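A short write-up of the structure that comes next.
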Amino acid sequence: MTKPKIATDWLAGCSGCHMSLLDIDERIVQLAELADIRATPVTDLKEPDESGVDVGILEGAVNLTTNEEVAHRMRRRCKILVALGDCAVFGGVLTMRNFHKLEDALRRAYVEAESVDGDGKIPSSPELGRPTRVRALDEVVDVDVYIPGCPPDPDVIFYALSELLQGRIPELKDEKLHWH
Amino acid sequence: MVSLTIDGRQLEVPEGITVLEAAKLAGIEIPTLCYHPRLTPYGGCRLCVVEVERMRTLQPSCTLPVSNGMVVYTNTPKVREARKFILTLLFSERNHYCMYCQMSGGDCELQNAAYGEGMTHWPLPPNWNPYPIDASHKYFVLDHNRCIICRRCVRACGELVGNFTLGVRERGADVMIMADLDVPLGESTCISCGTCVQVCPTGALIDRMSAYRGREKDVQRIKSTCVGCSVGCGIELIVRDNHLLRIEGDWDAPVNGGLLCELGRFRPLYEDRERIVTPLVRMNGRLKAATWEEALHRIAAQLKPLVGRNGDGIAALASTRLPAEALYLFKQLFAEKLGSEMVTSIEEGLPTAVPGAIAQAAGRPLEGGLEALQSTDCVVVIGADLTENHQVAGFFVKRALPNGIRLIVIDPHENGLQRLAHYALRPKKGTDLELLLGILAGVIRLGLAKGEVSSAYDLDRHTPEAASQITGVPIDQILAVSQTIATAQKPVFVYGKGIIGDGSPQALKALLELARLVGALDEERSTVVSTKGQANSLAAYLYGLDRTFEVNGHQAVYLALGDDTPSQRLIQRLQGAPFIAVQASYVSPVTAMADVVLPVTTWVEQEGHYLNLDGRLQKARRGLQPPAEVRSNVEVLEAIAANLEMTLNCSWKEALRARVPIVAIRE
């Protein structure tokens with residue numbers, strides 16, 4: 001029997017959830033025994049296999065049109081989609097921006113900020129995509145499993161992944177369930 | 001008793017309780033949000049719904065009374081689904097993003113309820129309409145975005161405090177908590193008691209001082225007693241790493257049942273007086289830092305030659321904010337060991353000497369407890385402004401008003417309770433006695449007196465008409481008050497310094513006579529209460545620290561000020577004293593005048609007992625460690641005695657029995 005395939009990617013996040021995933025330490029070996037770890041932002045292969053993976057994991061909120069593309073691509077290519085961390089689950093700390101006009105937020109960040117040298121300019125390359133209202137992942141694509149936390153505890157991540165890789169849907173409750 | 005079944009368990013519970021309370025008695029947990037054990041159930045959030053056999057819909061258990069044969073299920077799939085749905089709607093209504101809320105991480109009841117239901121996410125996206133934040137209040141912030149409209153704050157403000165500042169406006173999703181007729185909190189009739197903050201289940205009402213400084217799991221809670229005044233409210237000190245973050249009312253405290261006023265809850269956190277952290281000794285006209293040995297030696301050298309000198313020896317004065325232990329040592333050291341005749345307290349017995357003398361003469365306590373205010377139908381407040389001082393006692397009066405009690409306020413001055421009173425009598429200054437005699441004569445004339453009036457009163461002379469003439473209070477008001485008091489079932493009299501401050505016992509005697517004639521005072525029980533003054537006024541009286549303070553040729557003055565603030569009067573009286581030693585926590589004009597200053601602990605850094613206004617002997621516990629060179633008030637007095645080669649006993653508790661108490665002591 002072939003091992004289940006697993007791929008991760010990130011959207012608008014701080015990469016802290018991937019750090020927390022790496023924080024499972026030597027248990028990564030156990031995961032590697034259970035699963036075929038495919039594309040991740042921290043390994044060479046960047047995009048999930050076109051042929052599809054079993055478990056797709058996304059960190060970060062949807063903040064740009066490019067995030068939307070990444071989210072849709074992962075959704076198309078995976079059987080079970082996991083929202084990892086508060087940004088993916090709820091929108092996260094980025095949602096503070098939703099209380100302001102997008103133009104105001106961009107001007108503040110790129111033109112008015114104290115750290116800006118000379119005349120600030122709002123970046124506008126098509127490669128970056130267009131900024132949008134900040135959304136949780138499930139406002140853009142269907143999500144199967146939610147692992148909240150900022151970042152989620154490594155033990156919780158390990159528990160959830162090992163359940164998924166053994167064909168069960170993890171149930172997060174009691175001490176395993178923490179947001180913020 | 002009522003018998004019902006909850007989750008298959010047969011229960012016998014008292015009649016009249018709710019299903020929620022019955023479940024609690026049986027140890028069955030039902031999640032709640034708008035429910036608070038000290039507030040009237042409201043049924044607003046619906047989180048506590050349960051399934052009841054033969055009832056068509058789910059029922060909120062917090063408002064559902066138990067009835068015989070009821071069969072209740074608290075944890076069926078239908079109930080759990082409803083809870084999750086209710087929480088989903090709550091989360092979707094406003095901004096409940098936990099990651100930038102100070103309550104997140106165990107302190108938020110909304111978040112904890114979601115954890116309880118295993119919610120890993122919000123099935124509905126949130127509402128992105130920003131709601132306003134009212135940051136106009138000095139002590140706390142109202143963030144409408146975090147509000148779930150449970151109305152706990154509204155109910156606490158009205159039901160517990162009787163202030164009715166908070167209310168709600170609009171309907172449906174537009175419902176908003178508002179102050180008065182929708183003004184910013186900081187400009188409202190809010191009296192800053194902070195009870196709303198203490199009951200808020202989410203981060204909607206957050207305390208400015210303690211916000212983001214530690215969650216419940218990071219802090220220590222220490223039960224103690226407030227020393228802000230003589231009410232003696234039970235408090236909890238919320239402490240982290242030797243910082244006092246917050247003070248909360250102790251819900252289990254017998255005196256205040258969780259309530260506090262601004263003075264107890266917020267003021268101590270905003271203490272800005274300069275602390276004294278080392279002993280100071282005057283050298284060449286200037287106060288210089290010194291060692292404890294130098295300072296104590298200097299005091300001993302000054303006091304030793306004055307031992308036993310009557311009239312021109314030592315004058316000693318203690319704050320009534322000191323614990324009983326310190327007051328007793330103070331009295332023992334200066335009055336008994338050093339033989340000074342001028343040993344008294346800062347309050348000079350003003351709130352206690354007159355009732356004390358009457359109690360002494362009667363041979364029994366005169367007064368009753370504050371609990372009388374919980375079941376009264378008529379309150380007479382005289383010579384005290386309960387909206388300024390002893391505020392929690394004032395809350396008990398204010399919150400009883402909607403129950404239909406009659407409130408009579410007698411005060412020549414402006415008084416915060418006057419606008420709430422049914423009768424606000426403002427006699428001319430100095431005519432309290434005549435007014436009371438007029439009311440008393442009115443009771444007799446109306447034929448409502450329970451018993452004979454004392455022969456000490458000549459009722460031919462003291463008529464309501466005469467009283468009206470002298471006091472300027474209209475005759476119809478005097479008679480109406482007579483009738484109101486005399487026809488009440490359980491009248492309560494609360495008096496303050498206003499009627500005894502001049503040292504004359506006549507007005508208080510007339511008040512007691514009036515109380516006796518309307519059945520509020522007999523051998524068994526009394527519903528007359530006086531406000532006393534500071535935290536240990538009553539203990540100071542029982543130790544005999546109640547005479548008028550005068551520096552009259554005294555060679556030395558010793559002032560045990562503790563963390564108290566000296567009055568202008570005291571500062572003036574100390575002018576020209578040849579030698580002044582002060583034990584104090586903070587820099588003040590008297591420490592600037594002193595020859596020796598000994599640094600002592602503040603109320604929150606020391607342990608000790610306080611005797612509150614209705615005779616409860618309560619312990620104040622230590623919440624913080626003092627600075628290194630600072631000693632407790634007790635240690636300082638012991639050290640002075642040791643330097644004079646004297647030993648003090650510590651039978652402070654027994655010594656409280658030396659005089660007849662104004663109110664029976666309860667331990």
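Letters A, B, ... mark the chains of the structure tokens in the order given; residue numbers begin at 1 per chain; ligand numbers begin at 1, in order shown.
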For chain A versus chain B, which residues have an atom no more than 8 Å away, and what is each residue's nearest atom pair and distance in Å rounded to one decimal, using only C-alpha atoms, chain-then-number order, as a Markdown table?
```
| residue | atom | partner | partner_atom | distance |
| --- | --- | --- | --- | --- |
| A:Val89 | CA | B:His121 | CA | 6.1 |
| A:Phe90 | CA | B:His121 | CA | 6.8 |
| A:Gly92 | CA | B:Met99 | CA | 6.9 |
| A:Val93 | CA | B:Met99 | CA | 6.3 |
| A:Asn98 | CA | B:Trp128 | CA | 6.9 |
| A:Phe99 | CA | B:Pro130 | CA | 6.1 |
| A:Glu139 | CA | B:Pro125 | CA | 7.4 |
| A:Tyr146 | CA | B:Thr120 | CA | 5.9 |
| A:Ile147 | CA | B:Thr120 | CA | 6.7 |
| A:Pro148 | CA | B:Thr120 | CA | 6.3 |
| A:Cys150 | CA | B:Met99 | CA | 7.9 |
| A:Leu172 | CA | B:Gly118 | CA | 6.8 |
| A:Lys173 | CA | B:Gly118 | CA | 5.1 |
| A:Asp174 | CA | B:Tyr115 | CA | 6.9 |
| A:Leu177 | CA | B:Tyr115 | CA | 6.5 |
| A:His178 | CA | B:Tyr115 | CA | 7.3 |
| A:Trp179 | CA | B:Cys98 | CA | 7.3 |
| A:His180 | CA | B:Met99 | CA | 4.3 |
```
As a list in words, please: all residues of range 164-287 of chain B that backbone DSSP puts in alpha helix (DSSP H).
Thr195, Cys196, Val197, Gln198, Val199, Glu262, Leu263, Gly264 and Arg265 of chain B
As a list in words, please: the residues near Ala32 in chain A (cut-off 12 Å, only C-alpha atoms, same-chain neighbours under 5 positions excluded).
Lys3, Pro4, Lys5, Ile6, Glu26, Arg27, Ile37, Arg38, Phe158, Leu161, Ser162 and Leu165 of chain A
Preceding selection exported with N, CA and C atoms as a PDB file, in the first residue's frame:
```pdb
ATOM      1  N   LYS A   3       1.903   5.089   0.772  1.00  0.00           N
ATOM      2  CA  LYS A   3       1.628   5.982   1.902  1.00  0.00           C
ATOM      3  C   LYS A   3       0.788   7.165   1.436  1.00  0.00           C
ATOM      4  N   PRO A   4      -0.082   7.706   2.310  1.00  0.00           N
ATOM      5  CA  PRO A   4      -0.843   8.894   1.928  1.00  0.00           C
ATOM      6  C   PRO A   4       0.088  10.057   1.666  1.00  0.00           C
ATOM      7  N   LYS A   5      -0.305  10.890   0.703  1.00  0.00           N
ATOM      8  CA  LYS A   5       0.521  12.050   0.357  1.00  0.00           C
ATOM      9  C   LYS A   5       0.019  13.270   1.113  1.00  0.00           C
ATOM     10  N   ILE A   6       0.982  14.100   1.487  1.00  0.00           N
ATOM     11  CA  ILE A   6       0.627  15.288   2.259  1.00  0.00           C
ATOM     12  C   ILE A   6       1.381  16.480   1.663  1.00  0.00           C
ATOM     13  N   GLU A  26      11.497  15.509  16.649  1.00  0.00           N
ATOM     14  CA  GLU A  26      11.834  14.208  16.068  1.00  0.00           C
ATOM     15  C   GLU A  26      10.599  13.424  15.625  1.00  0.00           C
ATOM     16  N   ARG A  27       9.434  13.883  16.074  1.00  0.00           N
ATOM     17  CA  ARG A  27       8.223  13.170  15.652  1.00  0.00           C
ATOM     18  C   ARG A  27       7.969  13.338  14.147  1.00  0.00           C
ATOM     19  N   ILE A  37       5.682  13.037   2.452  1.00  0.00           N
ATOM     20  CA  ILE A  37       5.598  14.492   2.549  1.00  0.00           C
ATOM     21  C   ILE A  37       6.035  15.086   1.219  1.00  0.00           C
ATOM     22  N   ARG A  38       5.086  15.740   0.546  1.00  0.00           N
ATOM     23  CA  ARG A  38       5.349  16.255  -0.791  1.00  0.00           C
ATOM     24  C   ARG A  38       5.726  17.732  -0.723  1.00  0.00           C
ATOM     25  N   PHE A 158       0.658  17.539  15.738  1.00  0.00           N
ATOM     26  CA  PHE A 158       1.094  16.142  15.586  1.00  0.00           C
ATOM     27  C   PHE A 158      -0.092  15.194  15.738  1.00  0.00           C
ATOM     28  N   LEU A 161      -2.417  15.504  12.630  1.00  0.00           N
ATOM     29  CA  LEU A 161      -1.851  14.908  11.411  1.00  0.00           C
ATOM     30  C   LEU A 161      -1.784  13.396  11.536  1.00  0.00           C
ATOM     31  N   SER A 162      -1.391  12.891  12.698  1.00  0.00           N
ATOM     32  CA  SER A 162      -1.280  11.434  12.777  1.00  0.00           C
ATOM     33  C   SER A 162      -2.656  10.791  12.677  1.00  0.00           C
ATOM     34  N   LEU A 165      -3.529  10.915   8.921  1.00  0.00           N
ATOM     35  CA  LEU A 165      -2.713  10.000   8.108  1.00  0.00           C
ATOM     36  C   LEU A 165      -3.063   8.553   8.381  1.00  0.00           C
TER      37      LEU A 165
END
```
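With only C-alpha atoms as the atoms that count, the minimum distance from Met593 in chain B to the choices B:Gly43, B:Gly576, B:Gly194, B:Gly608 is reached by B:Gly576.
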Name all residues at most 12 Å from Glu68 in chain A (count only C-alpha atoms; drop same-chain ones fewer than 4 positions away) and give them as a ChimeraX atom specification.
/A:10-12,58,60-64,72-75,128-141
Any chance you could export the current selection's N, CA and C atoms as a short mmCIF file (atom, residue, chain, number, x, y, z; two decimals), in the first residue's frame?
```cif
data_model
loop_
_atom_site.label_atom_id
_atom_site.label_comp_id
_atom_site.auth_asym_id
_atom_site.auth_seq_id
_atom_site.Cartn_x
_atom_site.Cartn_y
_atom_site.Cartn_z
N TRP A 10 1.33 28.15 2.11
CA TRP A 10 0.91 29.25 2.98
C TRP A 10 0.32 30.41 2.20
N LEU A 11 -0.56 31.10 2.87
CA LEU A 11 -1.25 32.26 2.30
C LEU A 11 -0.73 33.48 3.05
N ALA A 12 -1.61 34.38 3.45
CA ALA A 12 -1.15 35.54 4.22
C ALA A 12 -1.01 35.15 5.68
N LEU A 58 -3.18 24.35 4.72
CA LEU A 58 -2.92 25.75 4.39
C LEU A 58 -2.83 26.59 5.66
N GLY A 60 -2.47 30.65 7.04
CA GLY A 60 -2.65 32.04 6.64
C GLY A 60 -4.05 32.36 6.16
N ALA A 61 -4.33 33.66 6.17
CA ALA A 61 -5.64 34.14 5.74
C ALA A 61 -5.60 34.44 4.25
N VAL A 62 -6.77 34.67 3.67
CA VAL A 62 -6.85 35.03 2.26
C VAL A 62 -6.94 36.54 2.18
N ASN A 63 -5.91 37.14 1.60
CA ASN A 63 -5.67 38.56 1.74
C ASN A 63 -5.43 39.22 0.38
N LEU A 64 -5.10 38.36 -0.61
CA LEU A 64 -4.74 38.83 -1.95
C LEU A 64 -5.39 37.89 -2.96
N HIS A 72 -7.42 27.83 -4.06
CA HIS A 72 -8.18 27.01 -5.01
C HIS A 72 -7.35 25.85 -5.54
N ARG A 73 -6.07 26.11 -5.84
CA ARG A 73 -5.19 25.05 -6.35
C ARG A 73 -5.09 23.92 -5.32
N MET A 74 -4.89 24.28 -4.05
CA MET A 74 -4.77 23.23 -3.04
C MET A 74 -6.08 22.47 -2.89
N ARG A 75 -7.18 23.21 -2.92
CA ARG A 75 -8.49 22.55 -2.79
C ARG A 75 -8.70 21.53 -3.92
N LEU A 128 2.12 40.27 -7.61
CA LEU A 128 1.71 40.27 -6.20
C LEU A 128 0.22 40.01 -6.05
N GLY A 129 -0.52 40.22 -7.10
CA GLY A 129 -1.97 40.09 -7.00
C GLY A 129 -2.57 41.36 -6.43
N ARG A 130 -3.88 41.34 -6.29
CA ARG A 130 -4.59 42.52 -5.84
C ARG A 130 -5.07 42.27 -4.40
N PRO A 131 -4.83 43.23 -3.52
CA PRO A 131 -5.30 43.00 -2.14
C PRO A 131 -6.83 43.00 -2.04
N THR A 132 -7.34 42.20 -1.13
CA THR A 132 -8.79 42.10 -0.92
C THR A 132 -9.09 42.26 0.56
N ARG A 133 -10.36 42.19 0.89
CA ARG A 133 -10.75 42.09 2.30
C ARG A 133 -10.13 40.80 2.87
N VAL A 134 -9.74 40.81 4.12
CA VAL A 134 -9.12 39.62 4.73
C VAL A 134 -10.22 38.62 5.06
N ARG A 135 -10.01 37.37 4.61
CA ARG A 135 -11.02 36.35 4.84
C ARG A 135 -10.40 35.10 5.46
N ALA A 136 -11.24 34.39 6.20
CA ALA A 136 -10.85 33.05 6.64
C ALA A 136 -10.87 32.14 5.42
N LEU A 137 -10.12 31.05 5.50
CA LEU A 137 -10.01 30.16 4.35
C LEU A 137 -11.37 29.63 3.89
N ASP A 138 -12.26 29.34 4.88
CA ASP A 138 -13.52 28.72 4.48
C ASP A 138 -14.51 29.70 3.85
N GLU A 139 -14.14 30.96 3.77
CA GLU A 139 -14.97 31.89 2.99
C GLU A 139 -14.63 31.77 1.50
N VAL A 140 -13.52 31.09 1.17
CA VAL A 140 -13.06 31.01 -0.21
C VAL A 140 -13.20 29.59 -0.76
N VAL A 141 -12.82 28.62 0.06
CA VAL A 141 -12.95 27.21 -0.38
C VAL A 141 -13.51 26.40 0.80
#
```
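Residue neighbourhood of Lys398 in chain B, excluding near-sequence residues (fewer than 2 positions): Val161, Gly162, Asn163, Gly394, Phe395, Phe396, Ala400, Leu401 and Leu420 of chain B, at 8 Å, using only C-alpha atoms.
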For Leu39 in chain B, please output as a compact mmCIF listing (two decimals) with N, CA, C and O atoms, in the first residue's frame all residues within 9 Å (counting only C-alpha atoms; exclusion window: fewer than 6 positions along the same chain).
```
# COMPACT_ATOMS: atom_id res chain seq x y z
N ARG B 152 -25.68 41.76 31.70
CA ARG B 152 -25.24 41.59 33.09
C ARG B 152 -24.87 42.93 33.69
O ARG B 152 -25.17 43.23 34.83
N ARG B 155 -27.96 44.92 34.53
CA ARG B 155 -28.62 44.40 35.74
C ARG B 155 -27.80 44.69 36.99
O ARG B 155 -28.34 45.05 38.03
N ALA B 156 -26.47 44.56 36.90
CA ALA B 156 -25.63 44.84 38.07
C ALA B 156 -25.76 46.30 38.48
O ALA B 156 -25.90 46.62 39.66
N GLU B 159 -29.71 46.48 39.73
CA GLU B 159 -30.13 45.61 40.84
C GLU B 159 -29.18 45.62 42.02
O GLU B 159 -29.60 45.53 43.16
N LEU B 160 -27.89 45.66 41.75
CA LEU B 160 -26.92 45.54 42.85
C LEU B 160 -26.51 46.90 43.40
O LEU B 160 -26.34 47.07 44.60
```
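Every protein, DNA or RNA residue with an atom at most 10 Å from Cys153 in chain B, where only C-alpha atoms count and chain neighbours fewer than 2 positions away do not, is listed here: Cys34, Leu39, Ile149, Cys150, Arg151, Arg155, Ala156, Cys157, Gly158, Glu159, Leu160, Thr165, Leu166, Gly167, Ile177, Gly194, Thr195, Cys196, Val197, Gln198, Val199, Cys200, Pro201 and Leu205 of chain B.
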DSSP on the backbone, strand (DSSP E or B) only: what residues of range 178-209 of chain B does that give? Format it as a PyMOL selection string.
chain B and resi 178-179+183+205-207
Wanna dump the range 415-503 of chain B-range 612-631 of chain B contacts at 12 Å for me, each residue with its shortest atom pair and the distance in Å to one decimal, counting only C-alpha atoms, ordered by chain and number, as CSV?
```
residue,atom,partner,partner_atom,distance
B:Val494,CA,B:Leu613,CA,11.2
B:Tyr495,CA,B:Leu613,CA,11.5
B:Gly496,CA,B:Leu613,CA,11.0
```
Could you save those same residues with N, CA and C atoms as an mmCIF file, in the first residue's frame?
```cif
data_model
loop_
_atom_site.group_PDB
_atom_site.id
_atom_site.type_symbol
_atom_site.label_atom_id
_atom_site.label_comp_id
_atom_site.auth_asym_id
_atom_site.auth_seq_id
_atom_site.Cartn_x
_atom_site.Cartn_y
_atom_site.Cartn_z
ATOM 1 N N VAL B 494 -29.988 55.288 59.633
ATOM 2 C CA VAL B 494 -28.541 55.364 59.405
ATOM 3 C C VAL B 494 -28.108 56.781 59.729
ATOM 4 N N TYR B 495 -27.213 56.915 60.706
ATOM 5 C CA TYR B 495 -26.773 58.274 61.023
ATOM 6 C C TYR B 495 -25.264 58.399 60.879
ATOM 7 N N GLY B 496 -24.849 59.643 60.674
ATOM 8 C CA GLY B 496 -23.425 59.888 60.502
ATOM 9 C C GLY B 496 -22.966 61.038 61.374
#
```
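For the choices B:Leu521, B:Val277, B:Ile475, B:Leu512, the atom-to-atom distance to Val600 in chain B is smallest for B:Val277 when using only C-alpha atoms.
Pairwise distance (CA of Leu34 in chain A, CA of Asp144 in chain A) equals 20.2 Å.
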Correct to one decimal, the distance CA of Leu21 in chain A-CA of Glu127 in chain A is 28.1 Å
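If only C-alpha atoms are the atoms counted, then among B:Ile28, B:Leu370, B:Leu329, B:Ile133 the closest residue to Val663 in chain B is B:Leu370.
Interatomic distance, CA of Ile405 in chain B against CA of Ala480 in chain B: 14.9 Å.
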